[in-house]
Amino acid sequence: MPSPVLHVIGARPNFIKAAPVVAALGERGVAQRVVHTGQHYDERMSDIFFRELGLPEPDVDLGVGSGSHGRQTGALLAALEEEFTASSPRSVIVYGDVNSTLAAALAAAKLGVPVAHVEAGLRSFDMTMPEEINRRLTDQLADLCLVTSPEAVGHLANEGIAVDRVHLVGNPMIDTLLANLDRFDPAAVQAAHGLPSRYVAATLHRPANVDDPGTAARLVARLHEIADLVDVVIPVHPRSRGTLTAAGLDRHPNVHAIEPLGYVEFVGLVRGAVAAVTDSGGVQEETTMLGVPCLTLRPNTERPITLTHGTNRLVTPDEVVPAVRKVLEQRHPVPRETPPLWDGKAGPRIADVIIGSLGE
């Protein structure tokens with residue numbers, strides 16, 4: 001049996017991106033191995049995604065868990081080096097921009113194993129973001145840079161990445177969304193969680209927004225002002241629960257702070273919202289496809305195509321309440337032309353590139 005292609009996934013966005021790639025390689029008969037690092041490890045942040053997305057159970061779960069960036073990345077490096085040495089993969093495929101992504105790319109590169117990076121070339125140009133550091137370093141190590149949108153090709157060229165390493169393949173997250181479109185039922189989510197029919201869906205988890213108690217308190221105050229206009233539903237991410245709760249997130253009758261949702265429920269929630277208020281990259285992409293107004297609480301985005309092709313807008317905390325008020329006064333915008341190659345076929349294109357790199 002040939003050595004496997006090895007997928008390294010560790011956080012919920014990775015699972016959504018990996019599912020169509022694993023499926024496409026499987027249809028072509030490629031031997032595969034799935035390694036879950038355990039960076040996201042509770043049931044609502046991990047296990048449910050495997051069930052909902054049809055991902056095979058991981059061949060190994062490293063169980064690294066949480067910790068500081070240095071401690072977590074160090075533990076990932078040691079565990080992944082051992083796994084790669086034992087399984088001798090032909091190629092390691094990494095996804096996105098989390099610590100598992102960088103650790104896997106570094107461990108593989110030092111062992112001489114080819115690396116393919118799905119979602120390469122995205123840039124916020126904000127080096128205070130841990131994700132930006134992970135993206136840039138992973139792309140320097142990757143043998144294949146698999147790009148989701150055209151501007152990322154230019155970013156890689158500016159950083160000296162050889163053109164033969166870069167492939168514009170489209171967005172596998174959109175493959176997963178389109179494949180499950182009929183399952184996203186806002187009414188079912190509302191009924192299951194006792195939610196109103198009209199609401200803003202909110203998510204907050206970026207370190208710049210939730211790690212500092214003062215910043216978190218200011219954002220909670222803005223959410224309360226939004227809740228004066230319309231109900232706010234916020235699935236609370238584990239990393240932000242402490243600061244948001246301490247800031248009084250749930251001390252407003254129209255704020256519904258709920259536990260994290262699985263993929264199908266969460267996108268159903270977003271699909272039924274009058275608007276999304278978020279700092280998530282994935283939500284920016286999902287709302288672009290669903291036609292839901294998105295207000296992103298960040299000064300920048302590594303996904304500018306969601307601004308030009310979608311319904312996304314960057315806002316400051318001071319701008320977000322007037323922006324929500326404006327959305328409430330208007331009808332939902334009609335989705336514009338979808339970004340290039342966001343057509344539900346990125347997984348097969350990625351599989352073609354990877355198989356070609358293996359000489360098959």
# chains A, B, ... in the order shown; residues from 1 in each chain; ligands from 1
>>> residues_around(residues="A:Ser88", least_positions_apart="2", cutoff="9 Å", atoms="only C-alpha atoms", output="list of chain:residue names")
A:Ser3, A:Pro4, A:Glu83, A:Phe84, A:Thr85, A:Ala86, A:Arg90, A:Ser91, A:Val113
>>> write_last_selection(atoms="C-alpha atoms", output="short mmCIF file (atom, residue, chain, number, x, y, z; two decimals), in the first residue's frame")
data_model
loop_
_atom_site.label_atom_id
_atom_site.label_comp_id
_atom_site.auth_asym_id
_atom_site.auth_seq_id
_atom_site.Cartn_x
_atom_site.Cartn_y
_atom_site.Cartn_z
CA SER A 3 2.29 5.94 1.75
CA PRO A 4 -0.71 8.16 2.54
CA GLU A 83 3.39 11.18 13.67
CA PHE A 84 5.07 12.09 10.37
CA THR A 85 8.09 9.93 11.18
CA ALA A 86 5.86 6.96 11.96
CA ARG A 90 3.84 11.37 0.68
CA SER A 91 2.45 14.85 1.28
CA VAL A 113 7.89 15.99 3.34
#
>>> select_by_dssp(residues="stretch 184-258 of chain A", states="alpha helix (DSSP H)", output="compact mmCIF listing (two decimals) with C-alpha atoms, in the first residue's frame")
# COMPACT_ATOMS: atom_id res chain seq x y z
CA PRO A 186 -33.31 29.04 10.42
CA ALA A 187 -36.74 28.07 11.76
CA ALA A 188 -35.38 24.82 13.17
CA VAL A 189 -32.54 26.64 14.94
CA GLN A 190 -34.93 29.23 16.35
CA ALA A 191 -37.27 26.54 17.65
CA ALA A 192 -34.48 24.41 19.13
CA HIS A 193 -33.03 27.31 21.12
CA PRO A 207 -7.74 38.08 20.58
CA ALA A 208 -7.76 41.80 19.70
CA ASN A 209 -11.47 41.94 20.54
CA VAL A 210 -11.90 39.64 23.51
CA PRO A 213 -11.27 43.16 29.51
CA GLY A 214 -11.64 46.83 28.63
CA THR A 215 -11.98 46.15 24.90
CA ALA A 216 -14.40 43.31 25.56
CA ALA A 217 -16.50 45.56 27.81
CA ARG A 218 -16.74 48.23 25.10
CA LEU A 219 -17.87 45.65 22.55
CA VAL A 220 -20.43 44.21 24.96
CA ALA A 221 -21.79 47.73 25.46
CA ARG A 222 -22.21 48.04 21.67
CA LEU A 223 -23.98 44.66 21.53
CA HIS A 224 -26.35 45.90 24.23
CA GLU A 225 -27.08 48.98 22.13
CA ILE A 226 -27.81 46.74 19.15
CA ALA A 227 -30.08 44.68 21.40
CA ARG A 241 -16.53 33.21 27.31
CA GLY A 242 -14.66 34.52 30.35
CA THR A 243 -14.14 38.12 29.29
CA LEU A 244 -17.54 38.51 27.64
CA THR A 245 -19.36 37.06 30.63
CA ALA A 246 -17.38 39.27 33.02
>>> closest_residue(among="A:Lys326, A:Leu307, A:Gly248, A:Ala104", to="A:Thr73", atoms="only C-alpha atoms")
A:Ala104
>>> atom_distance(atom1="atom CA of A:Ser100", atom2="atom CA of A:Gly10")
5.8 Å
>>> closest_residue(among="A:Arg28, A:Arg183, A:His155, A:Arg325", to="A:Gly121", atoms="only C-alpha atoms")
A:His155
>>> closest_residue(among="A:Val267, A:Val324, A:Arg12, A:Thr308", to="A:Cys294", atoms="only C-alpha atoms")
A:Val324
>>> select_by_dssp(residues="stretch 160-308 of chain A", states="strand (DSSP E)", output="list in words")
Val166, His167, Leu168, Tyr199, Val200, Ala201, Ala202, Asp231, Val232, Val233, Ile234, Pro235, Val255, His256, Ala257, Ile258, Ala275, Ala276, Val277, Thr278, Cys294, Leu295 and Thr296 of chain A
>>> closest_residue(among="A:Leu168, A:Ala142, A:Ala116, A:Val35", to="A:Gly154", atoms="only C-alpha atoms")
A:Leu168
>>> closest_atom_pairs(of="stretch 241-304 of chain A", to="stretch 313-316 of chain A", cutoff="8 Å", atoms="only C-alpha atoms", output="Markdown table")
| residue | atom | partner | partner_atom | distance |
| --- | --- | --- | --- | --- |
| A:Cys294 | CA | A:Arg313 | CA | 6.2 |
| A:Leu295 | CA | A:Arg313 | CA | 5.1 |
| A:Thr296 | CA | A:Leu314 | CA | 4.8 |
| A:Leu297 | CA | A:Val315 | CA | 5.3 |
| A:Arg298 | CA | A:Leu314 | CA | 6.2 |
| A:Pro299 | CA | A:Leu314 | CA | 6.5 |
| A:Asn300 | CA | A:Leu314 | CA | 7.0 |
| A:Thr301 | CA | A:Leu314 | CA | 7.9 |
>>> write_last_selection(atoms="C-alpha atoms", output="tab-separated table (two decimals), in the first residue's frame")
chain	number	residue	atom	x	y	z
A	294	CYS	CA	-22.15	41.33	7.41
A	295	LEU	CA	-20.55	43.93	9.70
A	296	THR	CA	-17.01	42.89	10.56
A	297	LEU	CA	-15.59	44.33	13.79
A	298	ARG	CA	-12.02	44.56	12.58
A	299	PRO	CA	-9.84	47.28	11.02
A	300	ASN	CA	-8.80	44.93	8.21
A	301	THR	CA	-9.66	41.65	6.56
>>> atom_distance(atom1="atom CA of A:Gly359", atom2="atom CA of A:Gly96")
25.2 Å
>>> closest_residue(among="A:His36, A:Arg135, A:His7, A:Arg123", to="A:Ala23", atoms="only C-alpha atoms")
A:His7
>>> residues_around(residues="A:Phe15", least_positions_apart="4", cutoff="9 Å", atoms="only C-alpha atoms", output="PyMOL selection string")
chain A and resi 9-11+19+46+49-50+53+55+95
>>> write_last_selection(atoms="C-alpha atoms", output="JSON list (two decimals), in the first residue's frame")
[["chain", "number", "residue", "atom", "x", "y", "z"],
["A", 9, "ILE", "CA", -6.74, 19.57, 11.02],
["A", 10, "GLY", "CA", -7.12, 21.13, 14.43],
["A", 11, "ALA", "CA", -9.88, 23.76, 14.57],
["A", 19, "ALA", "CA", -14.17, 17.82, 4.02],
["A", 46, "SER", "CA", -14.89, 19.36, 17.12],
["A", 49, "PHE", "CA", -18.22, 18.59, 12.71],
["A", 50, "PHE", "CA", -16.96, 15.13, 11.77],
["A", 53, "LEU", "CA", -19.57, 16.95, 7.33],
["A", 55, "LEU", "CA", -15.42, 13.42, 7.53],
["A", 95, "TYR", "CA", -5.58, 24.27, 6.11]]
>>> closest_residue(among="A:Arg33, A:Thr148, A:Pro317, A:Leu6", to="A:Met173", atoms="only C-alpha atoms")
A:Thr148
